[in-house]
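Structure data follow from final35.pdb (PDB, C-alpha atoms):
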```
ATOM      1  CA  MET A  14       0.000   0.000   0.000  1.00  0.00           C
ATOM      2  CA  SER A  15       1.407   3.371  -1.039  1.00  0.00           C
ATOM      3  CA  GLN A  16       1.691   6.195   1.432  1.00  0.00           C
ATOM      4  CA  ILE A  17       0.874   9.875   0.729  1.00  0.00           C
ATOM      5  CA  SER A  18       3.712  12.176   1.459  1.00  0.00           C
ATOM      6  CA  PRO A  19       3.048  14.623   4.320  1.00  0.00           C
ATOM      7  CA  HIS A  20       4.518  17.320   2.023  1.00  0.00           C
ATOM      8  CA  ARG A  21       1.843  16.571  -0.560  1.00  0.00           C
ATOM      9  CA  ASN A  22      -0.871  16.831   2.122  1.00  0.00           C
ATOM     10  CA  ARG A  23       0.443  20.278   3.035  1.00  0.00           C
ATOM     11  CA  ARG A  24       0.454  21.351  -0.634  1.00  0.00           C
ATOM     12  CA  VAL A  25      -3.166  20.253  -1.100  1.00  0.00           C
ATOM     13  CA  HIS A  26      -4.139  22.040   2.101  1.00  0.00           C
ATOM     14  CA  TYR A  27      -2.376  25.271   1.085  1.00  0.00           C
ATOM     15  CA  THR A  28      -3.823  25.052  -2.424  1.00  0.00           C
ATOM     16  CA  ARG A  29      -7.340  24.819  -1.008  1.00  0.00           C
ATOM     17  CA  LEU A  30      -6.690  27.732   1.352  1.00  0.00           C
ATOM     18  CA  LEU A  31      -5.417  29.796  -1.574  1.00  0.00           C
ATOM     19  CA  GLN A  32      -8.513  28.932  -3.624  1.00  0.00           C
ATOM     20  CA  VAL A  33     -10.839  29.962  -0.785  1.00  0.00           C
ATOM     21  CA  PHE A  34      -8.853  33.178  -0.278  1.00  0.00           C
ATOM     22  CA  LEU A  35      -9.008  34.059  -3.993  1.00  0.00           C
ATOM     23  CA  LEU A  36     -12.722  33.281  -4.113  1.00  0.00           C
ATOM     24  CA  CYS A  37     -13.410  35.537  -1.121  1.00  0.00           C
ATOM     25  CA  THR A  38     -11.305  38.434  -2.414  1.00  0.00           C
ATOM     26  CA  THR A  39     -12.974  38.201  -5.840  1.00  0.00           C
ATOM     27  CA  PHE A  40     -16.406  38.288  -4.197  1.00  0.00           C
ATOM     28  CA  LEU A  41     -15.440  41.305  -2.082  1.00  0.00           C
ATOM     29  CA  ALA A  42     -13.944  43.114  -5.054  1.00  0.00           C
ATOM     30  CA  ILE A  43     -17.148  42.643  -7.044  1.00  0.00           C
ATOM     31  CA  GLY A  44     -19.227  43.791  -4.086  1.00  0.00           C
ATOM     32  CA  PHE A  45     -17.251  46.986  -3.589  1.00  0.00           C
ATOM     33  CA  THR A  46     -16.742  47.940  -7.226  1.00  0.00           C
ATOM     34  CA  THR A  47     -20.194  47.277  -8.676  1.00  0.00           C
ATOM     35  CA  SER A  48     -21.998  50.589  -8.974  1.00  0.00           C
ATOM     36  CA  PRO A  49     -25.546  50.873  -7.642  1.00  0.00           C
ATOM     37  CA  PRO A  50     -28.287  51.946 -10.044  1.00  0.00           C
ATOM     38  CA  ALA A  51     -27.782  55.561 -11.082  1.00  0.00           C
ATOM     39  CA  GLN A  52     -29.547  57.999  -8.786  1.00  0.00           C
ATOM     40  CA  ALA A  53     -28.880  61.661  -9.353  1.00  0.00           C
ATOM     41  CA  TYR A  54     -30.989  63.207  -6.637  1.00  0.00           C
ATOM     42  CA  THR A  55     -29.359  65.759  -4.368  1.00  0.00           C
ATOM     43  CA  LYS A  56     -30.481  66.821  -0.924  1.00  0.00           C
ATOM     44  CA  LEU A  57     -30.981  70.039   0.992  1.00  0.00           C
ATOM     45  CA  CYS A  58     -30.160  70.455   4.676  1.00  0.00           C
ATOM     46  CA  GLY A  59     -33.618  69.776   6.055  1.00  0.00           C
ATOM     47  CA  LYS A  60     -36.782  67.714   6.020  1.00  0.00           C
ATOM     48  CA  PHE A  61     -40.049  67.526   7.953  1.00  0.00           C
ATOM     49  CA  PHE A  62     -40.011  66.063  11.434  1.00  0.00           C
ATOM     50  CA  GLY A  63     -41.986  62.911  12.171  1.00  0.00           C
ATOM     51  CA  VAL A  64     -42.918  62.085   8.573  1.00  0.00           C
ATOM     52  CA  ASP A  65     -42.770  58.380   7.918  1.00  0.00           C
ATOM     53  CA  GLY A  66     -44.831  55.974   5.900  1.00  0.00           C
ATOM     54  CA  ASN A  67     -48.315  57.474   5.862  1.00  0.00           C
ATOM     55  CA  ASP A  68     -47.991  60.520   8.119  1.00  0.00           C
ATOM     56  CA  PRO A  69     -49.624  63.831   7.086  1.00  0.00           C
ATOM     57  CA  ILE A  70     -47.715  66.886   5.884  1.00  0.00           C
ATOM     58  CA  SER A  71     -49.947  69.865   6.614  1.00  0.00           C
ATOM     59  CA  TYR A  72     -50.321  72.817   4.271  1.00  0.00           C
ATOM     60  CA  ARG A  73     -52.381  75.974   4.148  1.00  0.00           C
ATOM     61  CA  TYR A  74     -53.021  78.576   1.466  1.00  0.00           C
ATOM     62  CA  TYR A  75     -52.191  82.200   2.238  1.00  0.00           C
ATOM     63  CA  SER A  76     -53.212  84.869  -0.282  1.00  0.00           C
ATOM     64  CA  ILE A  77     -53.595  82.409  -3.142  1.00  0.00           C
ATOM     65  CA  THR A  78     -55.329  82.892  -6.507  1.00  0.00           C
ATOM     66  CA  THR A  79     -57.287  80.168  -8.281  1.00  0.00           C
ATOM     67  CA  THR A  80     -54.493  79.553 -10.821  1.00  0.00           C
ATOM     68  CA  TYR A  81     -51.894  78.676  -8.200  1.00  0.00           C
ATOM     69  CA  TYR A  82     -54.381  76.974  -5.921  1.00  0.00           C
ATOM     70  CA  ASN A  83     -55.067  74.586  -8.800  1.00  0.00           C
ATOM     71  CA  ALA A  84     -51.357  74.167  -9.583  1.00  0.00           C
ATOM     72  CA  PHE A  85     -50.417  73.263  -6.009  1.00  0.00           C
ATOM     73  CA  ASN A  86     -53.500  71.127  -5.430  1.00  0.00           C
ATOM     74  CA  SER A  87     -52.770  69.081  -8.568  1.00  0.00           C
ATOM     75  CA  ALA A  88     -49.078  68.807  -7.679  1.00  0.00           C
ATOM     76  CA  GLN A  89     -49.633  67.549  -4.149  1.00  0.00           C
ATOM     77  CA  GLY A  90     -52.101  65.017  -5.547  1.00  0.00           C
ATOM     78  CA  ARG A  91     -49.435  63.780  -7.963  1.00  0.00           C
ATOM     79  CA  TRP A  92     -46.923  63.375  -5.116  1.00  0.00           C
ATOM     80  CA  ASP A  93     -49.557  61.600  -2.994  1.00  0.00           C
ATOM     81  CA  ALA A  94     -50.099  59.097  -5.807  1.00  0.00           C
ATOM     82  CA  THR A  95     -46.453  57.960  -5.557  1.00  0.00           C
ATOM     83  CA  ARG A  96     -44.598  55.962  -2.903  1.00  0.00           C
ATOM     84  CA  ALA A  97     -43.030  59.094  -1.462  1.00  0.00           C
ATOM     85  CA  PRO A  98     -43.279  59.263   2.341  1.00  0.00           C
ATOM     86  CA  GLY A  99     -46.276  60.845   4.002  1.00  0.00           C
ATOM     87  CA  PHE A 100     -49.224  62.546   2.341  1.00  0.00           C
ATOM     88  CA  PHE A 101     -50.288  66.171   2.023  1.00  0.00           C
ATOM     89  CA  ARG A 102     -53.260  67.392   4.036  1.00  0.00           C
ATOM     90  CA  TYR A 103     -54.972  70.759   3.635  1.00  0.00           C
ATOM     91  CA  GLU A 104     -55.604  72.333   7.042  1.00  0.00           C
ATOM     92  CA  LYS A 105     -57.517  75.587   6.589  1.00  0.00           C
ATOM     93  CA  SER A 106     -57.538  76.573  10.256  1.00  0.00           C
ATOM     94  CA  ASN A 107     -53.978  75.492  11.093  1.00  0.00           C
ATOM     95  CA  GLY A 108     -52.089  78.580  12.270  1.00  0.00           C
ATOM     96  CA  ASP A 109     -48.728  76.820  11.953  1.00  0.00           C
ATOM     97  CA  PRO A 110     -48.778  74.400   8.979  1.00  0.00           C
ATOM     98  CA  GLU A 111     -45.666  72.684   7.701  1.00  0.00           C
ATOM     99  CA  ILE A 112     -46.079  74.322   4.272  1.00  0.00           C
ATOM    100  CA  GLU A 113     -47.371  77.863   3.726  1.00  0.00           C
ATOM    101  CA  VAL A 114     -48.462  78.346   0.099  1.00  0.00           C
ATOM    102  CA  ARG A 115     -48.939  81.767  -1.525  1.00  0.00           C
ATOM    103  CA  ASP A 116     -48.572  83.633  -4.796  1.00  0.00           C
ATOM    104  CA  ALA A 117     -47.965  87.251  -5.779  1.00  0.00           C
ATOM    105  CA  SER A 118     -46.041  89.289  -8.328  1.00  0.00           C
ATOM    106  CA  TYR A 119     -42.419  89.608  -7.245  1.00  0.00           C
ATOM    107  CA  ALA A 120     -39.405  91.422  -8.704  1.00  0.00           C
ATOM    108  CA  TRP A 121     -37.168  88.339  -8.480  1.00  0.00           C
ATOM    109  CA  GLY A 122     -36.749  86.265 -11.618  1.00  0.00           C
ATOM    110  CA  ASP A 123     -37.578  82.723 -10.446  1.00  0.00           C
ATOM    111  CA  TRP A 124     -40.870  81.003 -11.233  1.00  0.00           C
ATOM    112  CA  ALA A 125     -41.261  80.037  -7.595  1.00  0.00           C
ATOM    113  CA  ARG A 126     -39.291  79.687  -4.389  1.00  0.00           C
ATOM    114  CA  THR A 127     -39.359  77.440  -1.361  1.00  0.00           C
ATOM    115  CA  SER A 128     -37.713  79.007   1.662  1.00  0.00           C
ATOM    116  CA  TRP A 129     -36.980  77.997   5.237  1.00  0.00           C
ATOM    117  CA  GLN A 130     -35.491  79.592   8.334  1.00  0.00           C
ATOM    118  CA  GLY A 131     -32.639  77.152   8.683  1.00  0.00           C
ATOM    119  CA  CYS A 132     -31.991  73.545   9.605  1.00  0.00           C
ATOM    120  CA  THR A 133     -31.608  71.980  13.038  1.00  0.00           C
ATOM    121  CA  PHE A 134     -30.154  68.470  13.263  1.00  0.00           C
ATOM    122  CA  GLY A 135     -31.249  67.729   9.702  1.00  0.00           C
ATOM    123  CA  TYR A 136     -34.800  69.078  10.065  1.00  0.00           C
ATOM    124  CA  TRP A 137     -36.386  72.328   8.922  1.00  0.00           C
ATOM    125  CA  SER A 138     -36.253  74.875  11.727  1.00  0.00           C
ATOM    126  CA  TYR A 139     -39.730  75.249  13.257  1.00  0.00           C
ATOM    127  CA  ASP A 140     -40.743  72.317  11.006  1.00  0.00           C
ATOM    128  CA  GLU A 141     -41.991  74.625   8.268  1.00  0.00           C
ATOM    129  CA  VAL A 142     -41.262  75.950   4.801  1.00  0.00           C
ATOM    130  CA  LYS A 143     -42.810  78.716   2.700  1.00  0.00           C
ATOM    131  CA  LEU A 144     -43.686  77.946  -0.913  1.00  0.00           C
ATOM    132  CA  THR A 145     -44.199  81.055  -3.046  1.00  0.00           C
ATOM    133  CA  PHE A 146     -45.250  81.276  -6.701  1.00  0.00           C
ATOM    134  CA  ASN A 147     -44.200  84.322  -8.724  1.00  0.00           C
ATOM    135  CA  SER A 148     -47.243  85.147 -10.860  1.00  0.00           C
ATOM    136  CA  ARG A 149     -45.236  87.684 -12.870  1.00  0.00           C
ATOM    137  CA  THR A 150     -42.693  85.150 -14.198  1.00  0.00           C
ATOM    138  CA  MET A 151     -45.099  82.187 -14.406  1.00  0.00           C
ATOM    139  CA  LYS A 152     -47.866  83.929 -16.337  1.00  0.00           C
ATOM    140  CA  GLY A 153     -46.652  82.539 -19.687  1.00  0.00           C
ATOM    141  CA  LEU A 154     -46.621  78.912 -18.511  1.00  0.00           C
ATOM    142  CA  SER A 155     -49.429  76.480 -19.314  1.00  0.00           C
ATOM    143  CA  ALA A 156     -51.507  74.910 -16.534  1.00  0.00           C
ATOM    144  CA  ARG A 157     -49.495  71.684 -16.924  1.00  0.00           C
ATOM    145  CA  GLU A 158     -46.195  73.555 -16.651  1.00  0.00           C
ATOM    146  CA  LYS A 159     -47.404  75.428 -13.564  1.00  0.00           C
ATOM    147  CA  LYS A 160     -48.284  72.093 -11.997  1.00  0.00           C
ATOM    148  CA  ILE A 161     -44.805  70.721 -12.730  1.00  0.00           C
ATOM    149  CA  VAL A 162     -43.254  73.853 -11.187  1.00  0.00           C
ATOM    150  CA  ALA A 163     -45.402  73.198  -8.097  1.00  0.00           C
ATOM    151  CA  GLU A 164     -44.202  69.567  -8.032  1.00  0.00           C
ATOM    152  CA  HIS A 165     -40.622  70.886  -8.169  1.00  0.00           C
ATOM    153  CA  GLU A 166     -41.235  73.177  -5.190  1.00  0.00           C
ATOM    154  CA  ILE A 167     -42.861  70.377  -3.211  1.00  0.00           C
ATOM    155  CA  GLY A 168     -39.690  68.399  -3.903  1.00  0.00           C
ATOM    156  CA  HIS A 169     -37.744  71.208  -2.206  1.00  0.00           C
ATOM    157  CA  ALA A 170     -40.186  71.036   0.708  1.00  0.00           C
ATOM    158  CA  TYR A 171     -39.379  67.331   1.018  1.00  0.00           C
ATOM    159  CA  GLY A 172     -35.701  68.307   1.183  1.00  0.00           C
ATOM    160  CA  LEU A 173     -34.562  67.678  -2.387  1.00  0.00           C
ATOM    161  CA  GLY A 174     -32.072  69.867  -4.232  1.00  0.00           C
ATOM    162  CA  HIS A 175     -31.673  70.526  -7.943  1.00  0.00           C
ATOM    163  CA  GLU A 176     -30.673  67.913 -10.514  1.00  0.00           C
ATOM    164  CA  SER A 177     -29.197  68.049 -13.990  1.00  0.00           C
ATOM    165  CA  LEU A 178     -31.055  65.088 -15.503  1.00  0.00           C
ATOM    166  CA  GLY A 179     -32.540  65.190 -18.967  1.00  0.00           C
ATOM    167  CA  CYS A 180     -35.447  63.039 -20.140  1.00  0.00           C
ATOM    168  CA  SER A 181     -33.331  59.914 -20.695  1.00  0.00           C
ATOM    169  CA  ASN A 182     -32.100  57.290 -18.257  1.00  0.00           C
ATOM    170  CA  PRO A 183     -31.859  57.738 -15.291  1.00  0.00           C
ATOM    171  CA  GLY A 184     -34.129  60.786 -15.726  1.00  0.00           C
ATOM    172  CA  PRO A 185     -36.379  62.597 -15.979  1.00  0.00           C
ATOM    173  CA  ALA A 186     -36.873  64.546 -12.773  1.00  0.00           C
ATOM    174  CA  VAL A 187     -39.087  67.411 -11.695  1.00  0.00           C
ATOM    175  CA  MET A 188     -36.130  68.592  -9.614  1.00  0.00           C
ATOM    176  CA  ARG A 189     -34.312  69.695 -12.751  1.00  0.00           C
ATOM    177  CA  GLN A 190     -34.214  73.468 -13.162  1.00  0.00           C
ATOM    178  CA  GLY A 191     -35.508  75.144 -16.284  1.00  0.00           C
ATOM    179  CA  GLN A 192     -37.872  74.102 -19.060  1.00  0.00           C
ATOM    180  CA  THR A 193     -36.318  70.777 -20.164  1.00  0.00           C
ATOM    181  CA  LYS A 194     -38.549  68.760 -17.843  1.00  0.00           C
ATOM    182  CA  PHE A 195     -41.659  70.153 -19.543  1.00  0.00           C
ATOM    183  CA  GLY A 196     -40.778  68.154 -22.673  1.00  0.00           C
ATOM    184  CA  CYS A 197     -40.469  64.821 -20.886  1.00  0.00           C
ATOM    185  CA  GLY A 198     -43.345  62.343 -21.106  1.00  0.00           C
ATOM    186  CA  GLY A 199     -45.859  62.441 -18.284  1.00  0.00           C
ATOM    187  CA  ASP A 200     -46.209  65.048 -15.582  1.00  0.00           C
ATOM    188  CA  GLY A 201     -43.991  63.786 -12.778  1.00  0.00           C
ATOM    189  CA  PRO A 202     -42.922  63.417 -10.127  1.00  0.00           C
ATOM    190  CA  TRP A 203     -40.757  60.742 -11.692  1.00  0.00           C
ATOM    191  CA  TYR A 204     -38.822  57.782 -10.306  1.00  0.00           C
ATOM    192  CA  ASP A 205     -35.709  59.686  -9.301  1.00  0.00           C
ATOM    193  CA  ASP A 206     -37.758  62.339  -7.471  1.00  0.00           C
ATOM    194  CA  VAL A 207     -39.612  59.717  -5.473  1.00  0.00           C
ATOM    195  CA  GLN A 208     -36.426  57.777  -4.673  1.00  0.00           C
ATOM    196  CA  GLY A 209     -34.852  61.005  -3.467  1.00  0.00           C
ATOM    197  CA  ALA A 210     -37.785  61.763  -1.168  1.00  0.00           C
ATOM    198  CA  LYS A 211     -37.756  58.201   0.188  1.00  0.00           C
ATOM    199  CA  SER A 212     -34.035  58.449   0.891  1.00  0.00           C
ATOM    200  CA  LYS A 213     -34.597  61.534   3.060  1.00  0.00           C
ATOM    201  CA  TYR A 214     -37.071  59.865   5.445  1.00  0.00           C
TER     202      TYR A 214
END
```
Kindly return the structure encoded in the file as structure tokens.
Amino acid sequence: MSQISPHRNRRVHYTRLLQVFLLCTTFLAIGFTTSPPAQAYTKLCGKFFGVDGNDPISYRYYSITTTYYNAFNSAQGRWDATRAPGFFRYEKSNGDPEIEVRDASYAWGDWARTSWQGCTFGYWSYDEVKLTFNSRTMKGLSAREKKIVAEHEIGHAYGLGHESLGCSNPGPAVMRQGQTKFGCGGDGPWYDDVQGAKSKY
């Protein structure tokens, strides 16, 4: 009966260890170098406190005309139809809503602005933002385009920043500045917008 050399046993053992080592390092290398699906959303400093799953985000209209009432109302309905966190609830008698909505004619050149008083530990200070439509600069936009502008501003209220996506993959996004998003199919908010909002909460 032939005997197996102890040196050969060691070689087989070391060969198996080397194979396991190479297999593990290859697996780790793939895990750390494979890029996740492209997501281009950016984030602002704040978000609403206590919004999770199906919690309400209160809003109230201040000095609003029918045109911008309709734009915001349609936009919040579009956001509510997605898987973004929370839902928007109109609270007429709330003296301190999370979103104050208004419109007027302003000298500044933006279509609309969402403003806040600062951020505290990643949340909007006083848990509120002000969403303002500029009727002077938006007067040439269609009702659909006004709605998309409102969706964009609601994205800011969620805590999303601007994007540079076009209409192609991984876009489009209502969080893009300018008119490009108006030419994309559908009315938004789109996948990247919703993923951005979900990532904030």
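Minimum atom-to-atom distance to Tyr82 (chain A), evaluated using all atoms listed in the file, belongs to A:Val114 out of A:Ala125, A:Val114, A:Leu144, A:Cys180.
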### Message
Could you tell me, as an MDAnalysis selection string, exactly which residues end up selected when the PyMOL selection byres ((chain A and resi 188) around 6) is applied to this structure?
### Response
chainID A and resid 165 175:176 186:187 189
### Message
With the PyMOL selection byres ((chain A and resi 128) around 8) as the selection, what would be picked from this file? Answer as JSON, numbers by chain, please.
### Response
{"A": [126, 127, 129, 130, 142, 143, 144]}
### Message
Please determine, counting all atoms listed in the file, which residue among A:Tyr74, A:Phe146, A:Trp203, A:Tyr214 has the shortest atom-to-atom distance to Ala120 (chain A).
### Response
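Using all atoms listed in the file, Ala120 (chain A) sits closest to A:Phe146.
The interatomic distance for the pair CA of Asn86 (chain A) and CA of Glu113 (chain A) works out to 12.9 Å.
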### Task
For Gly174 (chain A), work out the shell of residues within 12 Å, counting only C-alpha atoms and skipping chain neighbours fewer than 6 positions away, then give it as a ChimeraX atom specification.
/A:53-60,127,165-168,186-190,205-206,209-210,213
For the selection just defined, write its residues with C-alpha atoms to a file, as a PDB file, in the coordinates of the input.
```
ATOM      1  CA  ALA A  53     -28.880  61.661  -9.353  1.00  0.00           C
ATOM      2  CA  TYR A  54     -30.989  63.207  -6.637  1.00  0.00           C
ATOM      3  CA  THR A  55     -29.359  65.759  -4.368  1.00  0.00           C
ATOM      4  CA  LYS A  56     -30.481  66.821  -0.924  1.00  0.00           C
ATOM      5  CA  LEU A  57     -30.981  70.039   0.992  1.00  0.00           C
ATOM      6  CA  CYS A  58     -30.160  70.455   4.676  1.00  0.00           C
ATOM      7  CA  GLY A  59     -33.618  69.776   6.055  1.00  0.00           C
ATOM      8  CA  LYS A  60     -36.782  67.714   6.020  1.00  0.00           C
ATOM      9  CA  THR A 127     -39.359  77.440  -1.361  1.00  0.00           C
ATOM     10  CA  HIS A 165     -40.622  70.886  -8.169  1.00  0.00           C
ATOM     11  CA  GLU A 166     -41.235  73.177  -5.190  1.00  0.00           C
ATOM     12  CA  ILE A 167     -42.861  70.377  -3.211  1.00  0.00           C
ATOM     13  CA  GLY A 168     -39.690  68.399  -3.903  1.00  0.00           C
ATOM     14  CA  ALA A 186     -36.873  64.546 -12.773  1.00  0.00           C
ATOM     15  CA  VAL A 187     -39.087  67.411 -11.695  1.00  0.00           C
ATOM     16  CA  MET A 188     -36.130  68.592  -9.614  1.00  0.00           C
ATOM     17  CA  ARG A 189     -34.312  69.695 -12.751  1.00  0.00           C
ATOM     18  CA  GLN A 190     -34.214  73.468 -13.162  1.00  0.00           C
ATOM     19  CA  ASP A 205     -35.709  59.686  -9.301  1.00  0.00           C
ATOM     20  CA  ASP A 206     -37.758  62.339  -7.471  1.00  0.00           C
ATOM     21  CA  GLY A 209     -34.852  61.005  -3.467  1.00  0.00           C
ATOM     22  CA  ALA A 210     -37.785  61.763  -1.168  1.00  0.00           C
ATOM     23  CA  LYS A 213     -34.597  61.534   3.060  1.00  0.00           C
TER      24      LYS A 213
END
```
### Residue among A:Ala156, A:Gly90, A:Gly172, A:Ser177 lying closest to Gly131 (chain A), counting all atoms listed in the file
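Distance minimum relative to Gly131 (chain A) lands on A:Gly172.
Between CA of Tyr81 (chain A) and CA of Ile161 (chain A) the interatomic distance comes to 11.6 Å.
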### Length of the CA of Arg157 (chain A) to CA of Asp109 (chain A) vector [Å]
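These atoms are spaced 29.3 Å apart.
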Write out N, CA and C atoms for region 162-181 of chain A, as a tab-separated table (two decimals), keeping the file's coordinate frame.
```tsv
chain	number	residue	atom	x	y	z
A	162	VAL	N	-44.02	72.93	-12.04
A	162	VAL	CA	-43.25	73.85	-11.19
A	162	VAL	C	-43.65	73.63	-9.72
A	163	ALA	N	-44.94	73.46	-9.47
A	163	ALA	CA	-45.40	73.20	-8.10
A	163	ALA	C	-44.85	71.87	-7.58
A	164	GLU	N	-44.80	70.85	-8.44
A	164	GLU	CA	-44.20	69.57	-8.03
A	164	GLU	C	-42.74	69.75	-7.66
A	165	HIS	N	-42.04	70.57	-8.43
A	165	HIS	CA	-40.62	70.89	-8.17
A	165	HIS	C	-40.48	71.52	-6.79
A	166	GLU	N	-41.34	72.49	-6.49
A	166	GLU	CA	-41.24	73.18	-5.19
A	166	GLU	C	-41.60	72.25	-4.03
A	167	ILE	N	-42.55	71.37	-4.25
A	167	ILE	CA	-42.86	70.38	-3.21
A	167	ILE	C	-41.66	69.47	-2.98
A	168	GLY	N	-40.93	69.16	-4.05
A	168	GLY	CA	-39.69	68.40	-3.90
A	168	GLY	C	-38.71	69.11	-2.98
A	169	HIS	N	-38.59	70.44	-3.13
A	169	HIS	CA	-37.74	71.21	-2.21
A	169	HIS	C	-38.27	71.09	-0.77
A	170	ALA	N	-39.60	71.16	-0.63
A	170	ALA	CA	-40.19	71.04	0.71
A	170	ALA	C	-39.85	69.69	1.34
A	171	TYR	N	-39.80	68.65	0.53
A	171	TYR	CA	-39.38	67.33	1.02
A	171	TYR	C	-37.91	67.34	1.44
A	172	GLY	N	-37.13	68.25	0.87
A	172	GLY	CA	-35.70	68.31	1.18
A	172	GLY	C	-34.80	67.98	0.02
A	173	LEU	N	-35.35	68.00	-1.20
A	173	LEU	CA	-34.56	67.68	-2.39
A	173	LEU	C	-33.96	68.93	-3.01
A	174	GLY	N	-32.74	68.79	-3.52
A	174	GLY	CA	-32.07	69.87	-4.23
A	174	GLY	C	-32.27	69.72	-5.73
A	175	HIS	N	-31.55	70.54	-6.49
A	175	HIS	CA	-31.67	70.53	-7.94
A	175	HIS	C	-30.88	69.38	-8.56
A	176	GLU	N	-31.33	68.96	-9.75
A	176	GLU	CA	-30.67	67.91	-10.51
A	176	GLU	C	-30.35	68.43	-11.90
A	177	SER	N	-29.55	67.66	-12.62
A	177	SER	CA	-29.20	68.05	-13.99
A	177	SER	C	-29.63	66.99	-14.99
A	178	LEU	N	-30.61	66.17	-14.63
A	178	LEU	CA	-31.06	65.09	-15.50
A	178	LEU	C	-31.83	65.62	-16.70
A	179	GLY	N	-31.69	64.92	-17.82
A	179	GLY	CA	-32.54	65.19	-18.97
A	179	GLY	C	-33.74	64.25	-18.93
A	180	CYS	N	-34.29	63.93	-20.09
A	180	CYS	CA	-35.45	63.04	-20.14
A	180	CYS	C	-35.05	61.57	-20.26
A	181	SER	N	-33.76	61.29	-20.50
A	181	SER	CA	-33.33	59.91	-20.70
A	181	SER	C	-32.84	59.31	-19.39
```
